[in-house]
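Source file: entry_29.cif. Holds: mmCIF, C-alpha atoms.
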data_entry
loop_
_atom_site.group_PDB
_atom_site.id
_atom_site.type_symbol
_atom_site.label_atom_id
_atom_site.label_comp_id
_atom_site.auth_asym_id
_atom_site.auth_seq_id
_atom_site.Cartn_x
_atom_site.Cartn_y
_atom_site.Cartn_z
ATOM 1 C CA MET A 1 0.000 0.000 0.000
ATOM 2 C CA PRO A 2 1.250 3.541 -0.689
ATOM 3 C CA TRP A 3 2.386 5.702 2.166
ATOM 4 C CA ASP A 4 0.152 8.589 3.100
ATOM 5 C CA GLY A 5 1.451 11.797 1.558
ATOM 6 C CA VAL A 6 3.192 10.155 -1.412
ATOM 7 C CA ASP A 7 1.968 10.927 -4.908
ATOM 8 C CA PRO A 8 2.576 7.903 -7.217
ATOM 9 C CA ARG A 9 3.671 10.305 -9.962
ATOM 10 C CA TRP A 10 6.578 11.375 -7.730
ATOM 11 C CA ILE A 11 7.786 7.784 -7.518
ATOM 12 C CA ALA A 12 7.451 7.433 -11.296
ATOM 13 C CA TRP A 13 9.482 10.596 -11.967
ATOM 14 C CA VAL A 14 12.201 9.569 -9.513
ATOM 15 C CA LEU A 15 12.515 6.147 -11.125
ATOM 16 C CA ARG A 16 12.647 7.734 -14.578
ATOM 17 C CA SER A 17 15.404 10.105 -13.425
ATOM 18 C CA ARG A 18 17.410 7.102 -12.199
ATOM 19 C CA GLU A 19 16.721 4.897 -15.208
ATOM 20 C CA GLN A 20 20.328 4.234 -16.246
ATOM 21 C CA GLY A 21 21.576 3.831 -12.677
ATOM 22 C CA LEU A 22 18.752 1.443 -11.822
ATOM 23 C CA LEU A 23 19.610 -0.692 -14.826
ATOM 24 C CA ARG A 24 23.218 -0.940 -13.666
ATOM 25 C CA ARG A 25 22.399 -1.639 -10.037
ATOM 26 C CA CYS A 26 19.343 -3.837 -10.409
ATOM 27 C CA ARG A 27 19.957 -5.701 -13.652
ATOM 28 C CA LYS A 28 19.290 -9.412 -13.549
ATOM 29 C CA ALA A 29 22.505 -11.391 -13.765
ATOM 30 C CA GLY A 30 23.037 -13.708 -16.713
ATOM 31 C CA THR A 31 20.417 -12.112 -18.994
ATOM 32 C CA THR A 32 21.064 -10.861 -22.520
ATOM 33 C CA VAL A 33 17.956 -8.642 -22.542
ATOM 34 C CA ALA A 34 18.123 -5.687 -20.165
ATOM 35 C CA SER A 35 15.728 -6.355 -17.279
ATOM 36 C CA ILE A 36 15.349 -5.330 -13.645
ATOM 37 C CA GLU A 37 15.496 -7.703 -10.664
ATOM 38 C CA THR A 38 12.449 -6.915 -8.514
ATOM 39 C CA LYS A 39 14.125 -7.485 -5.131
ATOM 40 C CA ARG A 40 16.928 -5.061 -5.941
ATOM 41 C CA LEU A 41 14.472 -2.477 -7.240
ATOM 42 C CA LEU A 42 12.371 -2.670 -4.069
ATOM 43 C CA ALA A 43 15.517 -2.108 -1.986
ATOM 44 C CA GLU A 44 16.124 1.309 -3.598
ATOM 45 C CA LYS A 45 16.055 4.213 -1.122
ATOM 46 C CA LEU A 46 14.078 7.336 -1.976
ATOM 47 C CA VAL A 47 13.943 10.778 -0.387
ATOM 48 C CA ILE A 48 10.307 11.854 -0.172
ATOM 49 C CA PRO A 49 9.616 15.600 0.240
ATOM 50 C CA PRO A 50 6.332 16.828 1.758
ATOM 51 C CA ILE A 51 3.266 16.235 -0.401
ATOM 52 C CA ASP A 52 2.811 19.915 -1.280
ATOM 53 C CA GLU A 53 6.435 20.018 -2.471
ATOM 54 C CA GLN A 54 5.925 16.831 -4.501
ATOM 55 C CA LEU A 55 2.897 18.353 -6.196
ATOM 56 C CA ARG A 56 4.730 21.596 -6.962
ATOM 57 C CA ILE A 57 7.696 19.774 -8.512
ATOM 58 C CA ILE A 58 5.414 17.408 -10.466
ATOM 59 C CA GLU A 59 3.592 20.419 -11.888
ATOM 60 C CA ILE A 60 6.885 22.008 -12.980
ATOM 61 C CA LEU A 61 8.125 18.741 -14.497
ATOM 62 C CA GLU A 62 4.953 17.989 -16.404
ATOM 63 C CA ASP A 63 4.787 21.522 -17.764
ATOM 64 C CA GLN A 64 8.435 21.818 -18.781
ATOM 65 C CA LEU A 65 8.844 18.262 -20.065
ATOM 66 C CA SER A 66 5.673 18.545 -22.140
ATOM 67 C CA ARG A 67 7.176 21.640 -23.765
ATOM 68 C CA LEU A 68 10.438 19.800 -24.417
ATOM 69 C CA ASP A 69 8.575 16.778 -25.797
ATOM 70 C CA ALA A 70 6.625 19.018 -28.180
ATOM 71 C CA ALA A 71 9.821 20.728 -29.351
ATOM 72 C CA GLN A 72 11.489 17.355 -29.821
ATOM 73 C CA ARG A 73 8.588 16.026 -31.902
ATOM 74 C CA LEU A 74 8.661 19.118 -34.121
ATOM 75 C CA THR A 75 12.418 18.761 -34.616
ATOM 76 C CA GLU A 76 12.084 15.064 -35.476
ATOM 77 C CA GLN A 77 9.402 15.951 -38.020
ATOM 78 C CA ALA A 78 11.775 18.531 -39.510
ATOM 79 C CA VAL A 79 14.516 15.880 -39.823
ATOM 80 C CA ARG A 80 12.110 13.599 -41.705
ATOM 81 C CA ARG A 81 11.095 16.446 -44.011
ATOM 82 C CA LEU A 82 14.745 17.207 -44.740
ATOM 83 C CA SER A 83 15.220 13.581 -45.801
ATOM 84 C CA ARG A 84 12.294 13.899 -48.205
ATOM 85 C CA LEU A 85 13.708 17.149 -49.585
ATOM 86 C CA ARG A 86 16.776 15.228 -50.757
ATOM 87 C CA ASP A 87 14.443 13.144 -52.933
ATOM 88 C CA THR A 88 12.851 16.351 -54.181
ATOM 89 C CA ALA A 89 16.288 17.683 -55.159
ATOM 90 C CA ALA A 90 17.033 14.522 -57.168
ATOM 91 C CA GLN A 91 13.638 14.772 -58.870
ATOM 92 C CA SER A 92 14.396 18.392 -59.778
ATOM 93 C CA ALA A 93 17.722 17.312 -61.316
ATOM 94 C CA LEU A 94 15.811 14.767 -63.404
ATOM 95 C CA ALA A 95 13.360 17.434 -64.585
ATOM 96 C CA GLU A 96 16.224 19.793 -65.499
ATOM 97 C CA ALA A 97 17.939 17.088 -67.521
ATOM 98 C CA ARG A 98 14.756 16.186 -69.363
ATOM 99 C CA ALA A 99 14.137 19.784 -70.365
ATOM 100 C CA SER A 100 17.278 19.931 -72.477
ATOM 101 C CA SER A 101 18.120 16.417 -73.679
ATOM 102 C CA VAL A 102 16.866 13.184 -75.160
ATOM 103 C CA GLU A 103 16.742 9.912 -73.235
ATOM 104 C CA VAL A 104 19.383 7.224 -73.606
ATOM 105 C CA GLN A 105 19.254 3.628 -72.439
ATOM 106 C CA LEU A 106 21.684 2.756 -69.646
ATOM 107 C CA GLY A 107 23.057 -0.117 -71.701
ATOM 108 C CA ASP A 108 24.222 2.397 -74.316
ATOM 109 C CA LEU A 109 26.117 4.396 -71.698
ATOM 110 C CA ALA A 110 28.417 1.540 -70.701
ATOM 111 C CA GLU A 111 32.119 1.529 -71.522
ATOM 112 C CA PRO A 112 32.776 -0.087 -74.921
ATOM 113 C CA ASN A 113 34.643 -3.059 -73.451
ATOM 114 C CA ARG A 114 32.575 -3.547 -70.292
ATOM 115 C CA LYS A 115 28.936 -4.464 -69.886
ATOM 116 C CA ILE A 116 26.553 -3.812 -67.026
ATOM 117 C CA ALA A 117 26.911 -6.869 -64.798
ATOM 118 C CA TYR A 118 26.231 -8.265 -61.342
ATOM 119 C CA GLY A 119 28.816 -9.776 -59.062
ATOM 120 C CA VAL A 120 29.853 -12.667 -56.852
ATOM 121 C CA LEU A 121 27.241 -15.420 -56.556
ATOM 122 C CA VAL A 122 28.518 -17.280 -53.467
ATOM 123 C CA PRO A 123 31.078 -15.105 -51.647
ATOM 124 C CA GLY A 124 31.950 -17.584 -48.920
ATOM 125 C CA PRO A 125 33.167 -16.632 -45.427
ATOM 126 C CA HIS A 126 34.852 -13.417 -44.373
ATOM 127 C CA VAL A 127 38.634 -13.331 -44.970
ATOM 128 C CA ASP A 128 40.481 -10.657 -42.991
ATOM 129 C CA ASP A 129 42.983 -9.812 -45.719
ATOM 130 C CA GLY A 130 40.656 -10.664 -48.613
ATOM 131 C CA VAL A 131 39.061 -8.643 -51.396
ATOM 132 C CA PRO A 132 36.496 -6.039 -50.224
ATOM 133 C CA LEU A 133 32.963 -7.055 -51.230
ATOM 134 C CA ILE A 134 30.373 -4.303 -51.700
ATOM 135 C CA ARG A 135 26.901 -5.482 -50.660
ATOM 136 C CA VAL A 136 23.460 -3.892 -50.750
ATOM 137 C CA GLY A 137 23.714 -2.925 -47.087
ATOM 138 C CA ASP A 138 26.915 -0.979 -47.827
ATOM 139 C CA LEU A 139 25.004 1.394 -50.135
ATOM 140 C CA GLN A 140 23.796 4.119 -47.797
ATOM 141 C CA ASP A 141 22.336 7.513 -48.751
ATOM 142 C CA GLY A 142 24.078 7.682 -52.113
ATOM 143 C CA ARG A 143 27.492 6.568 -50.884
ATOM 144 C CA ILE A 144 29.347 3.384 -49.964
ATOM 145 C CA ASP A 145 29.803 2.759 -46.249
ATOM 146 C CA ALA A 146 33.055 0.818 -45.943
ATOM 147 C CA THR A 147 33.139 0.640 -42.134
ATOM 148 C CA ALA A 148 31.844 -2.947 -41.891
ATOM 149 C CA MET A 149 32.629 -4.240 -45.356
ATOM 150 C CA LYS A 150 32.991 -7.968 -45.846
ATOM 151 C CA ARG A 151 36.175 -9.337 -47.436
ATOM 152 C CA ILE A 152 36.293 -12.528 -49.433
ATOM 153 C CA SER A 153 38.857 -14.959 -50.769
ATOM 154 C CA PRO A 154 40.807 -13.567 -53.766
ATOM 155 C CA ALA A 155 40.232 -16.907 -55.512
ATOM 156 C CA ILE A 156 36.439 -16.525 -55.241
ATOM 157 C CA ALA A 157 36.524 -12.853 -56.228
ATOM 158 C CA GLY A 158 38.756 -13.741 -59.185
ATOM 159 C CA ARG A 159 36.018 -15.847 -60.756
ATOM 160 C CA PHE A 160 34.033 -12.648 -61.358
ATOM 161 C CA GLN A 161 36.537 -10.500 -63.215
ATOM 162 C CA ARG A 162 33.930 -8.341 -64.941
ATOM 163 C CA THR A 163 32.709 -6.815 -61.669
ATOM 164 C CA PHE A 164 36.047 -5.834 -60.162
ATOM 165 C CA VAL A 165 35.722 -2.060 -59.778
ATOM 166 C CA THR A 166 38.346 0.536 -60.600
ATOM 167 C CA GLY A 167 36.551 3.637 -59.265
ATOM 168 C CA GLY A 168 33.901 5.746 -60.947
ATOM 169 C CA GLU A 169 31.402 2.950 -61.626
ATOM 170 C CA VAL A 170 27.774 3.440 -60.639
ATOM 171 C CA LEU A 171 26.383 0.687 -58.398
ATOM 172 C CA LEU A 172 22.691 -0.222 -58.257
ATOM 173 C CA SER A 173 21.041 -2.664 -55.853
ATOM 174 C CA LEU A 174 19.082 -5.365 -57.695
ATOM 175 C CA VAL A 175 17.769 -7.747 -55.014
ATOM 176 C CA GLY A 176 15.680 -7.166 -51.900
ATOM 177 C CA THR A 177 15.985 -3.411 -51.506
ATOM 178 C CA ILE A 178 15.745 -2.224 -55.103
ATOM 179 C CA GLY A 179 17.330 0.964 -56.385
ATOM 180 C CA ARG A 180 20.025 1.938 -53.883
ATOM 181 C CA THR A 181 22.764 3.651 -55.819
ATOM 182 C CA ALA A 182 26.274 5.019 -55.275
ATOM 183 C CA VAL A 183 29.473 5.827 -57.150
ATOM 184 C CA VAL A 184 32.588 3.757 -56.383
ATOM 185 C CA PRO A 185 35.266 6.036 -54.845
ATOM 186 C CA PRO A 186 38.917 5.656 -55.965
ATOM 187 C CA GLU A 187 39.944 4.146 -52.621
ATOM 188 C CA LEU A 188 37.758 1.095 -53.283
ATOM 189 C CA ALA A 189 39.477 0.257 -56.580
ATOM 190 C CA GLY A 190 40.079 -3.510 -56.662
ATOM 191 C CA ALA A 191 36.925 -4.363 -54.703
ATOM 192 C CA ASN A 192 34.226 -6.653 -56.070
ATOM 193 C CA VAL A 193 30.447 -6.634 -55.586
ATOM 194 C CA ALA A 194 27.834 -9.100 -54.414
ATOM 195 C CA ARG A 195 25.353 -10.738 -56.769
ATOM 196 C CA ALA A 196 22.617 -8.397 -55.542
ATOM 197 C CA VAL A 197 24.538 -5.336 -56.776
ATOM 198 C CA GLY A 198 24.797 -4.267 -60.411
ATOM 199 C CA VAL A 199 27.923 -2.534 -61.740
ATOM 200 C CA LEU A 200 27.418 0.200 -64.358
ATOM 201 C CA PRO A 201 30.805 1.109 -65.928
ATOM 202 C CA LEU A 202 30.107 4.374 -67.767
ATOM 203 C CA ALA A 203 31.603 5.804 -70.945
ATOM 204 C CA PRO A 204 33.314 9.230 -70.606
ATOM 205 C CA ASP A 205 30.304 11.217 -71.847
ATOM 206 C CA ALA A 206 28.240 10.140 -68.808
ATOM 207 C CA GLN A 207 29.197 11.634 -65.437
ATOM 208 C CA PRO A 208 28.890 8.938 -62.707
ATOM 209 C CA ASP A 209 27.546 11.333 -60.054
ATOM 210 C CA PHE A 210 24.950 12.627 -62.507
ATOM 211 C CA VAL A 211 23.758 9.136 -63.482
ATOM 212 C CA SER A 212 23.643 8.025 -59.848
ATOM 213 C CA THR A 213 21.591 11.103 -58.908
ATOM 214 C CA ILE A 214 19.124 10.557 -61.763
ATOM 215 C CA LEU A 215 18.698 6.918 -60.714
ATOM 216 C CA SER A 216 17.928 8.043 -57.157
ATOM 217 C CA ALA A 217 15.079 10.340 -58.257
ATOM 218 C CA PRO A 218 11.732 9.120 -56.846
ATOM 219 C CA GLU A 219 10.200 8.719 -60.301
ATOM 220 C CA ILE A 220 13.033 6.440 -61.464
ATOM 221 C CA GLN A 221 12.956 4.561 -58.152
ATOM 222 C CA ARG A 222 9.251 3.835 -58.591
ATOM 223 C CA LEU A 223 9.896 2.619 -62.148
ATOM 224 C CA LEU A 224 12.695 0.294 -61.031
ATOM 225 C CA ASN A 225 10.517 -1.179 -58.296
ATOM 226 C CA ARG A 226 7.624 -1.749 -60.710
ATOM 227 C CA GLN A 227 9.957 -3.621 -63.048
ATOM 228 C CA ALA A 228 11.304 -5.855 -60.281
ATOM 229 C CA HIS A 229 10.046 -9.430 -60.153
ATOM 230 C CA GLU A 230 9.035 -11.379 -57.071
ATOM 231 C CA VAL A 231 10.908 -14.672 -56.811
ATOM 232 C CA ALA A 232 12.212 -15.667 -53.379
ATOM 233 C CA ARG A 233 13.010 -11.965 -53.011
ATOM 234 C CA LYS A 234 12.227 -8.912 -55.078
ATOM 235 C CA THR A 235 14.709 -8.924 -57.993
ATOM 236 C CA LEU A 236 15.497 -6.507 -60.802
ATOM 237 C CA ASN A 237 16.787 -8.153 -63.992
ATOM 238 C CA LEU A 238 19.894 -6.756 -65.654
ATOM 239 C CA GLU A 239 18.087 -6.590 -68.986
ATOM 240 C CA ASP A 240 15.537 -4.215 -67.479
ATOM 241 C CA VAL A 241 18.401 -2.094 -66.149
ATOM 242 C CA ARG A 242 20.075 -1.992 -69.562
ATOM 243 C CA ARG A 243 16.807 -0.877 -71.202
ATOM 244 C CA LEU A 244 16.105 1.825 -68.632
ATOM 245 C CA ALA A 245 16.128 5.207 -70.377
ATOM 246 C CA ILE A 246 17.354 8.354 -68.642
ATOM 247 C CA PRO A 247 17.927 11.897 -69.960
ATOM 248 C CA LEU A 248 21.563 12.648 -70.781
ATOM 249 C CA PRO A 249 22.409 16.294 -71.499
ATOM 250 C CA GLY A 250 25.890 17.335 -72.591
ATOM 251 C CA ARG A 251 28.826 16.911 -70.238
ATOM 252 C CA VAL A 252 28.944 20.605 -69.260
ATOM 253 C CA GLU A 253 25.230 20.676 -68.427
ATOM 254 C CA GLN A 254 25.546 17.470 -66.402
ATOM 255 C CA LEU A 255 28.212 19.192 -64.305
ATOM 256 C CA GLU A 256 26.067 22.324 -63.912
ATOM 257 C CA ILE A 257 23.048 20.283 -62.793
ATOM 258 C CA MET A 258 25.231 18.456 -60.275
ATOM 259 C CA ASP A 259 26.632 21.740 -58.936
ATOM 260 C CA ARG A 260 23.089 22.926 -58.189
ATOM 261 C CA TYR A 261 22.132 19.552 -56.728
ATOM 262 C CA ARG A 262 25.192 19.482 -54.420
ATOM 263 C CA ALA A 263 24.512 23.049 -53.279
ATOM 264 C CA THR A 264 21.007 21.958 -52.261
ATOM 265 C CA LEU A 265 22.357 18.882 -50.480
ATOM 266 C CA ASP A 266 24.933 21.003 -48.620
ATOM 267 C CA ALA A 267 22.172 23.318 -47.377
ATOM 268 C CA LEU A 268 20.027 20.343 -46.335
ATOM 269 C CA HIS A 269 23.002 18.785 -44.546
ATOM 270 C CA ARG A 270 23.631 21.963 -42.542
ATOM 271 C CA LEU A 271 19.977 22.073 -41.527
ATOM 272 C CA SER A 272 20.045 18.384 -40.636
ATOM 273 C CA VAL A 273 23.133 18.814 -38.443
ATOM 274 C CA ALA A 274 21.511 21.772 -36.684
ATOM 275 C CA ALA A 275 18.350 19.720 -36.086
ATOM 276 C CA GLU A 276 20.336 16.789 -34.679
ATOM 277 C CA VAL A 277 22.216 19.143 -32.332
ATOM 278 C CA THR A 278 18.855 20.501 -31.172
ATOM 279 C CA LEU A 279 17.623 16.970 -30.464
ATOM 280 C CA VAL A 280 20.737 16.106 -28.473
ATOM 281 C CA ARG A 281 20.376 19.287 -26.411
ATOM 282 C CA ALA A 282 16.678 18.668 -25.813
ATOM 283 C CA ARG A 283 17.349 15.141 -24.545
ATOM 284 C CA SER A 284 20.195 16.408 -22.344
ATOM 285 C CA LEU A 285 17.946 19.131 -20.943
ATOM 286 C CA GLN A 286 15.236 16.552 -20.182
ATOM 287 C CA ARG A 287 17.722 14.464 -18.220
ATOM 288 C CA SER A 288 19.088 17.513 -16.385
ATOM 289 C CA LEU A 289 15.610 18.735 -15.482
ATOM 290 C CA LEU A 290 14.616 15.316 -14.144
ATOM 291 C CA ALA A 291 17.823 15.014 -12.146
ATOM 292 C CA ALA A 292 17.429 18.507 -10.693
ATOM 293 C CA ALA A 293 13.801 17.947 -9.764
ATOM 294 C CA CYS A 294 14.317 14.585 -8.140
ATOM 295 C CA SER A 295 17.436 15.624 -6.225
ATOM 296 C CA GLY A 296 15.680 18.535 -4.540
ATOM 297 C CA GLN A 297 17.240 21.323 -6.634
ATOM 298 C CA LEU A 298 13.784 22.529 -7.710
ATOM 299 C CA ALA A 299 12.424 22.495 -4.199
ATOM 300 C CA VAL A 300 11.595 25.680 -2.287
ATOM 301 C CA HIS A 301 13.267 24.070 0.672
ATOM 302 C CA THR A 302 15.156 20.816 1.085
ATOM 303 C CA PRO A 303 13.496 18.847 3.883
ATOM 304 C CA ASP A 304 15.774 17.054 6.287
ATOM 305 C CA LEU A 305 14.094 13.699 5.850
ATOM 306 C CA PRO A 306 15.579 10.211 6.025
ATOM 307 C CA ALA A 307 15.462 8.101 2.902
ATOM 308 C CA LYS A 308 12.497 5.740 2.813
ATOM 309 C CA GLU A 309 13.656 2.176 3.128
ATOM 310 C CA GLY A 310 12.648 0.504 -0.085
ATOM 311 C CA LEU A 311 9.934 0.779 -2.690
ATOM 312 C CA ALA A 312 8.049 -2.210 -1.279
ATOM 313 C CA SER A 313 6.561 0.071 1.372
ATOM 314 C CA VAL A 314 5.576 2.780 -1.084
#

Can you give me the file's structure in the form of structure tokens?
Amino acid sequence: MPWDGVDPRWIAWVLRSREQGLLRRCRKAGTTVASIETKRLLAEKLVIPPIDEQLRIIEILEDQLSRLDAAQRLTEQAVRRLSRLRDTAAQSALAEARASSVEVQLGDLAEPNRKIAYGVLVPGPHVDDGVPLIRVGDLQDGRIDATAMKRISPAIAGRFQRTFVTGGEVLLSLVGTIGRTAVVPPELAGANVARAVGVLPLAPDAQPDFVSTILSAPEIQRLLNRQAHEVARKTLNLEDVRRLAIPLPGRVEQLEIMDRYRATLDALHRLSVAAEVTLVRARSLQRSLLAAACSGQLAVHTPDLPAKEGLASV
């Protein structure tokens, strides 16, 4: 039964303010999922101020934290909108290119001596000093994330000579998550790709960054996904990729379109960083406010009360 003069909300706020410490002190031993041992939790000691002080602090907390929660939700919504604006920028680049050029099939943009191809069928286990293997999961937000890249046996990679990359190729995901795209940076020259990734080696008149951006436009993404076939997993055939037509203006105009696109992305990135900083500060302020409230720093006076012996009595 609760003690007289204890508001249950006070107990809830105190426990929330101690969340990380409680998990360290009261965690069940031998469990992989974080969970609290009831006996240890009930042994926690709490300082309980007078009821009128509890109510005053609860009122402050609920008012201020509700404001912070609202600000945090608005900032999170802004972050999501910024992500969508990147798609809008790619769609605008597509519209610009269409206004001044005819469409060309991707297969006709390949280097004369290299065809669009997909990579290693069965890569085998990870080999520490092996050949880097670019997989669908490594294609993130228009770039290749090499932080957790798998490496495979040179002998296995060597069976797929046509998909060794030299830098500058456009990659396109073909299985599962359709349509992720990125340009191979020079530092990944000599890597190979997984079977679920298509390699587009481009002739000099097609700028890799431009082609990758056009492929990432929402309209092209929807088209690629409509063309994909359901087998065990959603799969896009290479023949459909080769037949895909995109606008290809002259080299100079491709560069100009990309300059405008990058300027938009830079502005969006700055806004995104500012939003993330705001979120971090809001979360830090929430924790500080909780800690201050539940340690007596928001109290009009700090009562000289002994700690209550355990939550079981509360």

Within 6 Å of segment 78-100 of chain A, which residues of segment 183-217 of chain A show up? Give each one with its shortest atom-to-atom distance in Å (one decimal) and the two atoms involved, counting only C-alpha atoms, rows by chain then rising residue number, as CSV.
residue,atom,partner,partner_atom,distance
A:Thr213,CA,A:Ala90,CA,6.0
A:Ile214,CA,A:Leu94,CA,5.6
A:Ala217,CA,A:Gln91,CA,4.7

message = Take the PyMOL selection byres ((chain A and resi 126-129) around 12), run it mentally on this structure, and tell me the resulting residues as a list in words.
response = Val122, Pro123, Gly124, Pro125, Gly130, Val131, Pro132, Leu133, Ala148, Met149, Lys150, Arg151, Ile152, Ser153, Pro154, Ala155, Ile156 and Ala157 of chain A

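For segment 280-289 of chain A, the set of protein, DNA and RNA residues having any atom at most 9 Å away, when counting all atoms listed in the file and skipping those fewer than 6 positions along the same chain, is Ser17, Leu61, Gln64, Leu65, Leu68, Asp69, Ala71, Gln72 and Leu298 of chain A.
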
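Ranking A:Ala291, A:Pro208, A:Leu238, A:Glu230 by their shortest atom-to-atom distance to Leu109 of chain A, with only C-alpha atoms included, puts A:Pro208 first.
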
Please list as a PDB file with C-alpha atoms, in the coordinates of the input every residue within 12 Å of Ala245 of chain A, counting all atoms listed in the file and excluding residues in the same chain fewer than 2 positions away.
ATOM      1  CA  LEU A  94      15.811  14.767 -63.404  1.00  0.00           C
ATOM      2  CA  ARG A  98      14.756  16.186 -69.363  1.00  0.00           C
ATOM      3  CA  SER A 101      18.120  16.417 -73.679  1.00  0.00           C
ATOM      4  CA  VAL A 102      16.866  13.184 -75.160  1.00  0.00           C
ATOM      5  CA  GLU A 103      16.742   9.912 -73.235  1.00  0.00           C
ATOM      6  CA  VAL A 104      19.383   7.224 -73.606  1.00  0.00           C
ATOM      7  CA  GLN A 105      19.254   3.628 -72.439  1.00  0.00           C
ATOM      8  CA  LEU A 106      21.684   2.756 -69.646  1.00  0.00           C
ATOM      9  CA  GLY A 107      23.057  -0.117 -71.701  1.00  0.00           C
ATOM     10  CA  ASP A 108      24.222   2.397 -74.316  1.00  0.00           C
ATOM     11  CA  LEU A 109      26.117   4.396 -71.698  1.00  0.00           C
ATOM     12  CA  VAL A 211      23.758   9.136 -63.482  1.00  0.00           C
ATOM     13  CA  ILE A 214      19.124  10.557 -61.763  1.00  0.00           C
ATOM     14  CA  LEU A 215      18.698   6.918 -60.714  1.00  0.00           C
ATOM     15  CA  ILE A 220      13.033   6.440 -61.464  1.00  0.00           C
ATOM     16  CA  LEU A 223       9.896   2.619 -62.148  1.00  0.00           C
ATOM     17  CA  LEU A 224      12.695   0.294 -61.031  1.00  0.00           C
ATOM     18  CA  ASP A 240      15.537  -4.215 -67.479  1.00  0.00           C
ATOM     19  CA  VAL A 241      18.401  -2.094 -66.149  1.00  0.00           C
ATOM     20  CA  ARG A 242      20.075  -1.992 -69.562  1.00  0.00           C
ATOM     21  CA  ARG A 243      16.807  -0.877 -71.202  1.00  0.00           C
ATOM     22  CA  PRO A 247      17.927  11.897 -69.960  1.00  0.00           C
ATOM     23  CA  LEU A 248      21.563  12.648 -70.781  1.00  0.00           C
TER      24      LEU A 248
END

Need the shell around Ala117 of chain A: protein/DNA/RNA residues with any atom at most 10 Å away, counting only C-alpha atoms. Skip same-chain ones fewer than 4 positions apart. Format as a compact mmCIF listing (two decimals) with C-alpha atoms, in the frame of the given file?
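Output below, filename out03.txt:
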# COMPACT_ATOMS: atom_id res chain seq x y z
CA PHE A 160 34.03 -12.65 -61.36
CA ARG A 162 33.93 -8.34 -64.94
CA THR A 163 32.71 -6.82 -61.67
CA LEU A 171 26.38 0.69 -58.40
CA VAL A 193 30.45 -6.63 -55.59
CA ARG A 195 25.35 -10.74 -56.77
CA VAL A 197 24.54 -5.34 -56.78
CA GLY A 198 24.80 -4.27 -60.41
CA VAL A 199 27.92 -2.53 -61.74
CA LEU A 200 27.42 0.20 -64.36
CA PRO A 201 30.80 1.11 -65.93
CA LEU A 238 19.89 -6.76 -65.65
CA GLU A 239 18.09 -6.59 -68.99
CA VAL A 241 18.40 -2.09 -66.15
CA ARG A 242 20.08 -1.99 -69.56

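Using only C-alpha atoms for every distance, the candidate list A:Val183, A:Ala274, A:Leu74, A:Leu139 yields A:Val183 as the residue closest to Gly167 of chain A.
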
task = Would you work out the distance separating atom CA of Pro204 of chain A from atom CA of Ala228 of chain A, expressed in Å to one decimal?
result = 28.6 Å

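Between atom CA of Val170 of chain A and atom CA of Glu111 of chain A the separation is 11.9 Å.
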
ask   = If we count only C-alpha atoms, what is near Phe164 of chain A at a cut-off of 6 Å, once residues fewer than 3 positions away on the same chain are taken out, given as a list of chain:residue names?
value = A:Gln161, A:Gly190, A:Ala191, A:Asn192

remark   = Min atom-atom distance to Thr75 of chain A from the set A:Val273, A:Ile11, A:Leu290, A:Arg56, counting only C-alpha atoms, belongs to A:Val273
